[in-house]
>>> print(open('entry11.txt').read())   # compact mmCIF, C-alpha atoms and all ligand atoms
# COMPACT_ATOMS: atom_id res chain seq x y z
CA MET A 1 3.56 24.46 -0.51
CA ARG A 2 5.61 24.04 -3.69
CA LEU A 3 3.88 22.44 -6.67
CA LEU A 4 6.41 20.40 -8.62
CA THR A 5 4.66 19.38 -11.80
CA ASN A 6 7.55 17.71 -13.58
CA LEU A 7 10.90 16.07 -12.92
CA ALA A 8 13.00 19.12 -13.78
CA ARG A 9 11.16 21.21 -11.17
CA LEU A 10 11.50 18.45 -8.59
CA ARG A 11 15.25 18.16 -9.17
CA GLN A 12 15.69 21.92 -8.91
CA TRP A 13 13.70 22.00 -5.64
CA ARG A 14 15.52 18.95 -4.24
CA ALA A 15 18.94 20.52 -4.87
CA GLN A 16 17.93 23.41 -2.61
CA GLN A 17 17.02 21.20 0.39
CA SER A 18 19.65 21.03 3.09
CA ARG A 19 17.53 19.31 5.76
CA SER A 20 16.17 15.74 5.93
CA VAL A 21 13.45 14.85 3.43
CA ALA A 22 10.56 12.39 3.77
CA LEU A 23 8.61 11.09 0.79
CA VAL A 24 5.01 9.89 0.92
CA PRO A 25 4.25 8.21 -2.43
CA THR A 26 0.52 8.18 -3.32
CA MET A 27 -1.80 7.82 -6.26
CA GLY A 28 -3.93 10.71 -4.97
CA ASN A 29 -7.60 10.62 -3.96
CA LEU A 30 -6.29 11.25 -0.48
CA HIS A 31 -8.19 10.19 2.64
CA GLN A 32 -7.42 10.18 6.37
CA GLY A 33 -5.23 7.12 5.87
CA HIS A 34 -2.89 9.08 3.58
CA LEU A 35 -2.94 12.02 5.95
CA SER A 36 -1.78 9.74 8.77
CA LEU A 37 1.20 8.84 6.55
CA VAL A 38 1.94 12.54 6.13
CA LYS A 39 1.82 13.05 9.92
CA LYS A 40 4.26 10.18 10.40
CA ALA A 41 6.53 11.64 7.71
CA GLN A 42 6.52 15.00 9.50
CA GLN A 43 7.68 13.25 12.68
CA HIS A 44 10.62 11.66 10.87
CA ALA A 45 12.00 14.44 8.65
CA ASP A 46 12.22 18.23 8.40
CA VAL A 47 10.74 18.47 4.94
CA VAL A 48 7.87 16.38 3.52
CA VAL A 49 7.15 15.83 -0.15
CA VAL A 50 4.06 13.92 -1.28
CA SER A 51 4.03 12.43 -4.76
CA ILE A 52 0.75 11.98 -6.60
CA PHE A 53 1.01 9.72 -9.63
CA VAL A 54 -1.55 7.21 -10.89
CA ASN A 55 0.99 4.67 -12.05
CA PRO A 56 -0.14 2.96 -15.27
CA MET A 57 2.48 0.23 -14.87
CA GLN A 58 0.76 -1.30 -11.83
CA PHE A 59 -2.68 -1.59 -13.46
CA GLY A 60 -3.50 -4.72 -15.43
CA ALA A 61 -5.66 -4.92 -18.55
CA GLY A 62 -9.30 -4.43 -17.53
CA GLU A 63 -8.39 -2.84 -14.18
CA ASP A 64 -9.56 0.64 -13.15
CA LEU A 65 -6.71 2.82 -14.50
CA GLU A 66 -9.03 5.08 -16.50
CA SER A 67 -11.70 5.36 -13.83
CA TYR A 68 -9.29 5.56 -10.86
CA PRO A 69 -10.51 8.61 -8.88
CA ARG A 70 -8.45 11.73 -9.60
CA THR A 71 -9.10 14.57 -7.14
CA LEU A 72 -5.98 16.70 -7.51
CA SER A 73 -7.33 20.04 -6.34
CA ASP A 74 -8.91 18.56 -3.14
CA ASP A 75 -5.69 16.60 -2.54
CA LYS A 76 -3.54 19.73 -2.81
CA GLU A 77 -5.85 21.61 -0.47
CA ALA A 78 -5.65 18.85 2.17
CA LEU A 79 -1.85 18.64 1.91
CA SER A 80 -1.40 22.39 2.08
CA ALA A 81 -3.59 22.50 5.21
CA MET A 82 -1.26 19.92 6.78
CA GLY A 83 1.83 22.02 6.09
CA VAL A 84 3.33 19.68 3.50
CA ASN A 85 6.35 21.35 1.88
CA ALA A 86 6.01 20.10 -1.68
CA VAL A 87 3.75 18.03 -3.92
CA PHE A 88 5.32 16.19 -6.84
CA THR A 89 2.86 15.45 -9.66
CA PRO A 90 5.02 14.00 -12.44
CA GLN A 91 3.83 13.43 -15.97
CA VAL A 92 3.80 9.87 -17.35
CA SER A 93 6.67 10.98 -19.63
CA ASP A 94 8.76 11.97 -16.57
CA ILE A 95 8.43 8.50 -15.11
CA TYR A 96 8.45 6.44 -18.32
CA PRO A 97 10.41 8.58 -20.84
CA ARG A 98 10.92 5.66 -23.27
CA GLY A 99 7.34 4.40 -22.85
CA LEU A 100 5.95 1.66 -20.62
CA ALA A 101 6.94 -1.25 -22.84
CA ALA A 102 10.60 -0.17 -22.97
CA GLN A 103 10.91 0.60 -19.24
CA THR A 104 13.59 -1.22 -17.21
CA GLN A 105 11.72 -3.11 -14.51
CA VAL A 106 12.30 -3.93 -10.87
CA THR A 107 10.92 -7.28 -9.69
CA VAL A 108 11.34 -8.66 -6.18
CA PRO A 109 11.27 -12.45 -6.60
CA GLY A 110 9.45 -14.89 -4.33
CA ILE A 111 6.98 -12.41 -2.91
CA SER A 112 5.64 -10.59 -5.98
CA ASP A 113 3.69 -13.43 -7.60
CA ILE A 114 1.83 -14.75 -4.54
CA LEU A 115 -1.36 -13.51 -2.82
CA CYS A 116 -2.36 -10.26 -4.61
CA GLY A 117 0.37 -10.89 -7.18
CA ALA A 118 -1.05 -14.28 -8.16
CA ASP A 119 -4.02 -12.89 -10.03
CA ARG A 120 -2.58 -9.44 -10.83
CA ALA A 121 0.37 -10.38 -13.06
CA GLY A 122 2.94 -7.59 -13.19
CA HIS A 123 1.23 -5.48 -10.53
CA PHE A 124 4.04 -5.58 -7.98
CA THR A 125 6.68 -5.12 -10.67
CA GLY A 126 4.81 -1.93 -11.56
CA VAL A 127 4.79 -0.87 -7.91
CA ALA A 128 8.46 -1.72 -7.25
CA THR A 129 9.55 -0.01 -10.47
CA VAL A 130 7.71 3.24 -9.80
CA VAL A 131 8.74 3.37 -6.13
CA CYS A 132 12.38 2.73 -7.08
CA LYS A 133 12.16 5.56 -9.62
CA LEU A 134 10.48 7.89 -7.11
CA PHE A 135 13.25 7.12 -4.58
CA ASN A 136 15.88 7.97 -7.23
CA MET A 137 14.10 11.15 -8.25
CA VAL A 138 13.23 12.52 -4.80
CA GLN A 139 16.23 11.03 -2.95
CA PRO A 140 14.39 10.99 0.37
CA ASP A 141 15.96 10.05 3.69
CA VAL A 142 12.76 8.27 4.71
CA ALA A 143 9.68 7.06 2.85
CA VAL A 144 6.34 6.28 4.45
CA PHE A 145 3.78 3.65 3.36
CA GLY A 146 0.58 2.24 4.84
CA GLU A 147 0.46 -1.23 6.37
CA LYS A 148 -2.92 -1.67 4.69
CA ASP A 149 -1.04 -2.74 1.56
CA PHE A 150 1.07 -5.12 3.59
CA GLN A 151 2.43 -7.16 0.69
CA GLN A 152 3.37 -3.94 -1.12
CA LEU A 153 5.13 -2.65 2.01
CA GLN A 154 7.18 -5.86 2.42
CA ILE A 155 8.10 -5.82 -1.29
CA ILE A 156 9.28 -2.21 -1.00
CA ARG A 157 11.31 -3.05 2.12
CA LEU A 158 12.98 -5.97 0.31
CA MET A 159 13.61 -3.92 -2.84
CA THR A 160 15.19 -1.14 -0.78
CA GLN A 161 17.42 -3.66 0.98
CA ASP A 162 18.31 -5.64 -2.18
CA LEU A 163 19.20 -2.52 -4.20
CA SER A 164 21.01 -0.87 -1.25
CA LEU A 165 18.87 2.24 -1.56
CA PRO A 166 19.74 4.76 1.17
CA VAL A 167 16.12 5.20 2.29
CA THR A 168 14.53 4.21 5.60
CA VAL A 169 11.12 2.67 4.89
CA ILE A 170 8.48 3.28 7.55
CA GLY A 171 5.12 1.46 7.77
CA VAL A 172 2.08 3.10 9.35
CA PRO A 173 -0.82 1.11 10.89
CA THR A 174 -4.04 1.03 8.89
CA ALA A 175 -6.55 3.84 9.46
CA ARG A 176 -10.08 2.47 9.88
CA GLU A 177 -13.68 3.62 9.91
CA LYS A 178 -15.59 3.11 13.19
CA SER A 179 -16.94 -0.16 11.75
CA GLY A 180 -13.36 -1.42 11.32
CA LEU A 181 -13.41 -1.04 7.52
CA ALA A 182 -9.91 -0.12 6.37
CA LEU A 183 -9.81 3.29 4.66
CA SER A 184 -9.16 2.94 0.94
CA SER A 185 -9.63 5.03 -2.17
CA ARG A 186 -11.66 2.13 -3.58
CA ASN A 187 -14.24 2.31 -0.72
CA GLY A 188 -15.81 5.09 -2.81
CA TYR A 189 -17.00 2.38 -5.22
CA LEU A 190 -19.13 0.75 -2.47
CA ASN A 191 -22.81 1.56 -2.05
CA ALA A 192 -24.22 2.14 1.46
CA GLU A 193 -25.22 -1.49 1.95
CA GLN A 194 -21.88 -2.84 0.72
CA ARG A 195 -20.05 -0.42 3.00
CA GLN A 196 -21.79 -1.98 6.01
CA GLN A 197 -21.16 -5.49 4.71
CA ALA A 198 -17.48 -4.67 4.13
CA ALA A 199 -16.85 -4.34 7.86
CA ALA A 200 -17.07 -8.16 8.03
CA ILE A 201 -13.53 -8.34 6.66
CA TYR A 202 -11.97 -6.74 9.73
CA GLN A 203 -14.29 -8.78 11.96
CA THR A 204 -13.02 -11.93 10.26
CA LEU A 205 -9.39 -10.87 10.70
CA GLN A 206 -10.00 -10.38 14.41
CA ASP A 207 -11.75 -13.78 14.69
CA ILE A 208 -8.78 -15.44 12.99
CA ALA A 209 -6.32 -13.67 15.31
CA GLU A 210 -8.30 -15.01 18.27
CA ARG A 211 -8.34 -18.56 16.87
CA LEU A 212 -4.58 -18.40 16.32
CA ASN A 213 -4.18 -17.98 20.06
CA ALA A 214 -5.82 -21.38 20.51
CA THR A 215 -4.54 -23.44 17.57
CA THR A 216 -1.98 -23.43 14.76
CA ASP A 217 -4.16 -25.46 12.41
CA PHE A 218 -3.71 -22.74 9.77
CA LYS A 219 -5.60 -24.53 6.98
CA ALA A 220 -8.69 -25.15 9.11
CA ILE A 221 -8.75 -21.53 10.27
CA GLU A 222 -8.40 -20.22 6.72
CA SER A 223 -11.15 -22.51 5.35
CA LYS A 224 -13.60 -21.59 8.08
CA ALA A 225 -13.01 -17.87 7.55
CA GLU A 226 -13.38 -18.21 3.79
CA GLU A 227 -16.70 -20.02 4.27
CA ALA A 228 -17.92 -17.29 6.65
CA LEU A 229 -17.02 -14.51 4.19
CA THR A 230 -18.61 -16.35 1.27
CA GLY A 231 -21.75 -16.79 3.39
CA ALA A 232 -21.72 -13.05 4.08
CA GLY A 233 -21.85 -12.28 0.33
CA PHE A 234 -18.17 -11.88 -0.58
CA LYS A 235 -16.36 -13.49 -3.48
CA VAL A 236 -13.16 -14.43 -1.70
CA ASP A 237 -9.83 -14.21 -3.55
CA TYR A 238 -7.88 -15.46 -0.55
CA VAL A 239 -7.76 -15.76 3.20
CA ALA A 240 -4.14 -16.45 4.07
CA ILE A 241 -2.12 -16.73 7.25
CA ARG A 242 1.54 -16.06 6.45
CA ASN A 243 4.89 -15.42 8.09
CA ALA A 244 4.79 -11.65 8.66
CA ASP A 245 8.31 -11.01 7.37
CA ASP A 246 8.48 -12.78 4.01
CA LEU A 247 4.80 -13.72 3.50
CA GLN A 248 5.73 -17.39 2.99
CA LYS A 249 3.62 -20.24 4.44
CA PRO A 250 3.33 -20.01 8.22
CA THR A 251 4.91 -22.37 10.72
CA PRO A 252 4.15 -22.80 14.42
CA ALA A 253 7.70 -21.48 15.11
CA ASP A 254 7.20 -18.07 13.45
CA LYS A 255 7.45 -15.08 15.78
CA ARG A 256 4.76 -13.11 13.98
CA TRP A 257 2.10 -13.94 11.47
CA VAL A 258 0.04 -11.72 9.27
CA VAL A 259 -3.47 -12.64 8.24
CA LEU A 260 -4.35 -11.29 4.80
CA ILE A 261 -7.73 -11.14 3.10
CA ALA A 262 -8.68 -10.11 -0.42
CA ALA A 263 -12.38 -10.32 -1.25
CA ARG A 264 -14.81 -8.74 -3.66
CA LEU A 265 -18.13 -7.10 -2.98
CA GLY A 266 -19.81 -6.60 -6.33
CA LYS A 267 -17.08 -5.16 -8.56
CA THR A 268 -15.02 -3.75 -5.70
CA ARG A 269 -11.96 -5.68 -4.55
CA LEU A 270 -11.09 -5.04 -0.91
CA ILE A 271 -7.92 -6.03 0.92
CA ASP A 272 -7.03 -5.90 4.58
CA ASN A 273 -4.65 -7.59 7.01
CA LEU A 274 -3.85 -8.00 10.68
CA GLN A 275 -0.54 -8.88 12.30
CA VAL A 276 -0.62 -11.48 15.07
CA VAL A 277 2.12 -12.26 17.59
CA ASN A 278 2.62 -16.03 17.98
CA LYS A 279 1.75 -16.76 21.59
CA HIS A 280 2.64 -20.46 21.20
CA ALA A 281 6.34 -19.85 20.45
O1 LIG B 1 -0.04 2.47 -2.56
C1 LIG B 1 -0.07 3.23 -3.55
O2 LIG B 1 -0.80 4.22 -3.57
C2 LIG B 1 0.79 2.90 -4.76
O3 LIG B 1 0.89 1.53 -4.97
C3 LIG B 1 2.18 3.55 -4.68
C4 LIG B 1 3.00 3.02 -3.53
C5 LIG B 1 2.04 5.06 -4.56
C6 LIG B 1 2.96 3.25 -5.98
O4 LIG B 1 2.28 3.73 -7.09
>>> encode(input="entry11.txt", output="structure tokens")
Amino acid sequence: MRLLTNLARLRQWRAQQSRSVALVPTMGNLHQGHLSLVKKAQQHADVVVVSIFVNPMQFGAGEDLESYPRTLSDDKEALSAMGVNAVFTPQVSDIYPRGLAAQTQVTVPGISDILCGADRAGHFTGVATVVCKLFNMVQPDVAVFGEKDFQQLQIIRLMTQDLSLPVTVIGVPTAREKSGLALSSRNGYLNAEQRQQAAAIYQTLQDIAERLNATTDFKAIESKAEEALTGAGFKVDYVAIRNADDLQKPTPADKRWVVLIAARLGKTRLIDNLQVVNKHA
């Protein structure tokens, strides 16, 4: 496995590749969820490169940029064991050579300032900007992302389409613990009791999916679920049923919905989602 620790090394390596390349962008602290992205990438291209970069541009003031778990040597070991071809670990100066404040930004309008974007100003601009830059640096044929960050995935799809980037974006279903809890680097912040409690999020998503088979009273379903989660000890940021393509308000005519939840347990903010086929349409 090649270790590409800066942009110059990546470019040199990339110029030598004659077969198809898949990119799996990550911020490290890899778990089974990331490894399932790598497996998918290996099915779709000859050569797989994983980037590990804790992107300062997508963290807001007071968020966990400094304390975000960094486990580079374990990550490299796991990726090497999977037969990954290269790991790209750029420096901040490779990604933001003129500094963060001067950086040209990529913003996908309409979808970036709702849901998780509503109370994390600039977060999705940070994500879209770094992913756009990683696409330009790595020049992959395909790029693989988890459906767990569903809003992020849709933003990246739209950005890729809007900027005519020659990359096929592939989404991979969320990897879960037995309890249903979606795997996430931030689960490490949960204590044992919170970890058990956290499974209620997936339970709630499934309950909502079931209710959507019976009624399209979206507001009533959302309110009831929010009450249930609050009763179970969560501080709920949102429970939202949305059109699964553009994440706008749902209508009974949509083909597919996605139910999205963001809720806090103590200081840990958890997100999860479930796609639902509209059986009424
Ligand atoms: O999902 C993540 O880990 C990050 O948001 C990403 C896509 C690697 C961009 O920094």
>>> closest_residue(input="entry11.txt", among="A:Ala121, A:Leu270, A:Ala281, A:Ala41", to="Ala143 in chain A", atoms="only C-alpha atoms")
A:Ala41
>>> residues_around(input="entry11.txt", residues="range 193-196 of chain A", least_positions_apart="2", cutoff="9 Å", atoms="all atoms listed in the file", output="PDB file with C-alpha atoms, keeping the file's coordinate frame")
ATOM      1  CA  SER A 179     -16.940  -0.160  11.750  1.00  0.00           C
ATOM      2  CA  LEU A 181     -13.410  -1.040   7.520  1.00  0.00           C
ATOM      3  CA  ASN A 187     -14.240   2.310  -0.720  1.00  0.00           C
ATOM      4  CA  LEU A 190     -19.130   0.750  -2.470  1.00  0.00           C
ATOM      5  CA  ASN A 191     -22.810   1.560  -2.050  1.00  0.00           C
ATOM      6  CA  ALA A 198     -17.480  -4.670   4.130  1.00  0.00           C
ATOM      7  CA  ALA A 199     -16.850  -4.340   7.860  1.00  0.00           C
ATOM      8  CA  ALA A 200     -17.070  -8.160   8.030  1.00  0.00           C
ATOM      9  CA  LEU A 265     -18.130  -7.100  -2.980  1.00  0.00           C
ATOM     10  CA  GLY A 266     -19.810  -6.600  -6.330  1.00  0.00           C
TER      11      GLY A 266
END
>>> residues_around(input="entry11.txt", residues="Asp254 in chain A", least_positions_apart="2", cutoff="12 Å", atoms="all atoms listed in the file", output="PDB file with C-alpha atoms, in the frame of the given file")
ATOM      1  CA  THR A 216      -1.980 -23.430  14.760  1.00  0.00           C
ATOM      2  CA  ILE A 241      -2.120 -16.730   7.250  1.00  0.00           C
ATOM      3  CA  ARG A 242       1.540 -16.060   6.450  1.00  0.00           C
ATOM      4  CA  ASN A 243       4.890 -15.420   8.090  1.00  0.00           C
ATOM      5  CA  ALA A 244       4.790 -11.650   8.660  1.00  0.00           C
ATOM      6  CA  ASP A 245       8.310 -11.010   7.370  1.00  0.00           C
ATOM      7  CA  ASP A 246       8.480 -12.780   4.010  1.00  0.00           C
ATOM      8  CA  LEU A 247       4.800 -13.720   3.500  1.00  0.00           C
ATOM      9  CA  GLN A 248       5.730 -17.390   2.990  1.00  0.00           C
ATOM     10  CA  LYS A 249       3.620 -20.240   4.440  1.00  0.00           C
ATOM     11  CA  PRO A 250       3.330 -20.010   8.220  1.00  0.00           C
ATOM     12  CA  THR A 251       4.910 -22.370  10.720  1.00  0.00           C
ATOM     13  CA  PRO A 252       4.150 -22.800  14.420  1.00  0.00           C
ATOM     14  CA  ARG A 256       4.760 -13.110  13.980  1.00  0.00           C
ATOM     15  CA  TRP A 257       2.100 -13.940  11.470  1.00  0.00           C
ATOM     16  CA  VAL A 258       0.040 -11.720   9.270  1.00  0.00           C
ATOM     17  CA  VAL A 276      -0.620 -11.480  15.070  1.00  0.00           C
ATOM     18  CA  VAL A 277       2.120 -12.260  17.590  1.00  0.00           C
ATOM     19  CA  ASN A 278       2.620 -16.030  17.980  1.00  0.00           C
ATOM     20  CA  LYS A 279       1.750 -16.760  21.590  1.00  0.00           C
ATOM     21  CA  HIS A 280       2.640 -20.460  21.200  1.00  0.00           C
ATOM     22  CA  ALA A 281       6.340 -19.850  20.450  1.00  0.00           C
TER      23      ALA A 281
END
>>> axis_aligned_box(input="entry11.txt", around="ligand LIG 1 (chain B)", padding_each_side="5 Å", output="JSON")
{"center_x": 1.1, "center_y": 3.3, "center_z": -4.8, "size_x": 13.8, "size_y": 13.5, "size_z": 14.5}
>>> residues_around(input="entry11.txt", residues="Arg14 in chain A", least_positions_apart="6", cutoff="9 Å", atoms="all atoms listed in the file", output="PyMOL selection string")
chain A and resi 21+137-139
>>> residues_near_ligand(input="entry11.txt", ligand="ligand LIG 1 (chain B)", cutoff="8 Å", atoms="all atoms listed in the file", output="mmCIF file with C-alpha atoms, in the frame of the given file")
data_model
loop_
_atom_site.group_PDB
_atom_site.id
_atom_site.type_symbol
_atom_site.label_atom_id
_atom_site.label_comp_id
_atom_site.auth_asym_id
_atom_site.auth_seq_id
_atom_site.Cartn_x
_atom_site.Cartn_y
_atom_site.Cartn_z
ATOM 1 C CA VAL A 24 5.010 9.890 0.920
ATOM 2 C CA PRO A 25 4.250 8.210 -2.430
ATOM 3 C CA THR A 26 0.520 8.180 -3.320
ATOM 4 C CA MET A 27 -1.800 7.820 -6.260
ATOM 5 C CA GLY A 28 -3.930 10.710 -4.970
ATOM 6 C CA SER A 51 4.030 12.430 -4.760
ATOM 7 C CA ILE A 52 0.750 11.980 -6.600
ATOM 8 C CA PHE A 53 1.010 9.720 -9.630
ATOM 9 C CA VAL A 54 -1.550 7.210 -10.890
ATOM 10 C CA ASN A 55 0.990 4.670 -12.050
ATOM 11 C CA GLN A 58 0.760 -1.300 -11.830
ATOM 12 C CA GLY A 126 4.810 -1.930 -11.560
ATOM 13 C CA VAL A 127 4.790 -0.870 -7.910
ATOM 14 C CA ALA A 128 8.460 -1.720 -7.250
ATOM 15 C CA VAL A 130 7.710 3.240 -9.800
ATOM 16 C CA VAL A 131 8.740 3.370 -6.130
ATOM 17 C CA PHE A 145 3.780 3.650 3.360
ATOM 18 C CA GLY A 146 0.580 2.240 4.840
ATOM 19 C CA ASP A 149 -1.040 -2.740 1.560
ATOM 20 C CA GLN A 152 3.370 -3.940 -1.120
#
>>> closest_residue(input="entry11.txt", among="A:Gln275, A:Thr168, A:Thr268, A:Gln161", to="Tyr202 in chain A", atoms="all atoms listed in the file")
A:Gln275
>>> closest_residue(input="entry11.txt", among="A:Gln91, A:Phe150, A:Asp162, A:Gly60", to="His123 in chain A", atoms="only C-alpha atoms")
A:Gly60
>>> closest_residue(input="entry11.txt", among="A:Arg176, A:Arg9, A:Arg19, A:Lys133", to="His34 in chain A", atoms="only C-alpha atoms")
A:Arg176
>>> decode(input="entry11.txt", residues="range 215-258 of chain A", atoms="C-alpha atoms", output="tab-separated table (two decimals), in the first residue's frame")
chain	number	residue	atom	x	y	z
A	215	THR	CA	-50.89	7.57	6.37
A	216	THR	CA	-49.24	10.55	4.70
A	217	ASP	CA	-49.94	12.91	7.59
A	218	PHE	CA	-46.23	13.78	7.69
A	219	LYS	CA	-46.49	16.45	10.40
A	220	ALA	CA	-48.36	14.18	12.82
A	221	ILE	CA	-45.86	11.36	12.29
A	222	GLU	CA	-42.89	13.68	12.84
A	223	SER	CA	-44.37	15.21	16.02
A	224	LYS	CA	-45.18	11.84	17.54
A	225	ALA	CA	-41.68	10.53	16.84
A	226	GLU	CA	-40.08	13.66	18.26
A	227	GLU	CA	-42.14	13.27	21.45
A	228	ALA	CA	-41.11	9.61	21.75
A	229	LEU	CA	-37.41	10.43	21.36
A	230	THR	CA	-37.62	13.31	23.83
A	231	GLY	CA	-39.33	10.95	26.28
A	232	ALA	CA	-36.47	8.48	25.78
A	233	GLY	CA	-33.92	11.11	26.89
A	234	PHE	CA	-32.81	12.65	23.58
A	235	LYS	CA	-32.56	16.33	22.78
A	236	VAL	CA	-34.02	16.26	19.29
A	237	ASP	CA	-32.61	18.57	16.60
A	238	TYR	CA	-35.07	17.31	13.99
A	239	VAL	CA	-37.22	14.43	12.86
A	240	ALA	CA	-37.97	15.09	9.20
A	241	ILE	CA	-39.68	13.20	6.41
A	242	ARG	CA	-38.40	14.51	3.07
A	243	ASN	CA	-38.42	13.78	-0.64
A	244	ALA	CA	-35.49	11.36	-0.98
A	245	ASP	CA	-34.00	13.05	-4.04
A	246	ASP	CA	-33.79	16.74	-3.14
A	247	LEU	CA	-34.63	16.62	0.60
A	248	GLN	CA	-37.43	19.16	0.12
A	249	LYS	CA	-40.78	18.86	1.96
A	250	PRO	CA	-42.54	15.59	1.17
A	251	THR	CA	-45.71	15.21	-0.86
A	252	PRO	CA	-48.03	12.20	-1.12
A	253	ALA	CA	-46.97	11.95	-4.82
A	254	ASP	CA	-43.24	11.41	-4.14
A	255	LYS	CA	-41.85	8.05	-5.25
A	256	ARG	CA	-39.46	7.77	-2.32
A	257	TRP	CA	-39.11	9.50	0.99
A	258	VAL	CA	-36.24	9.59	3.40
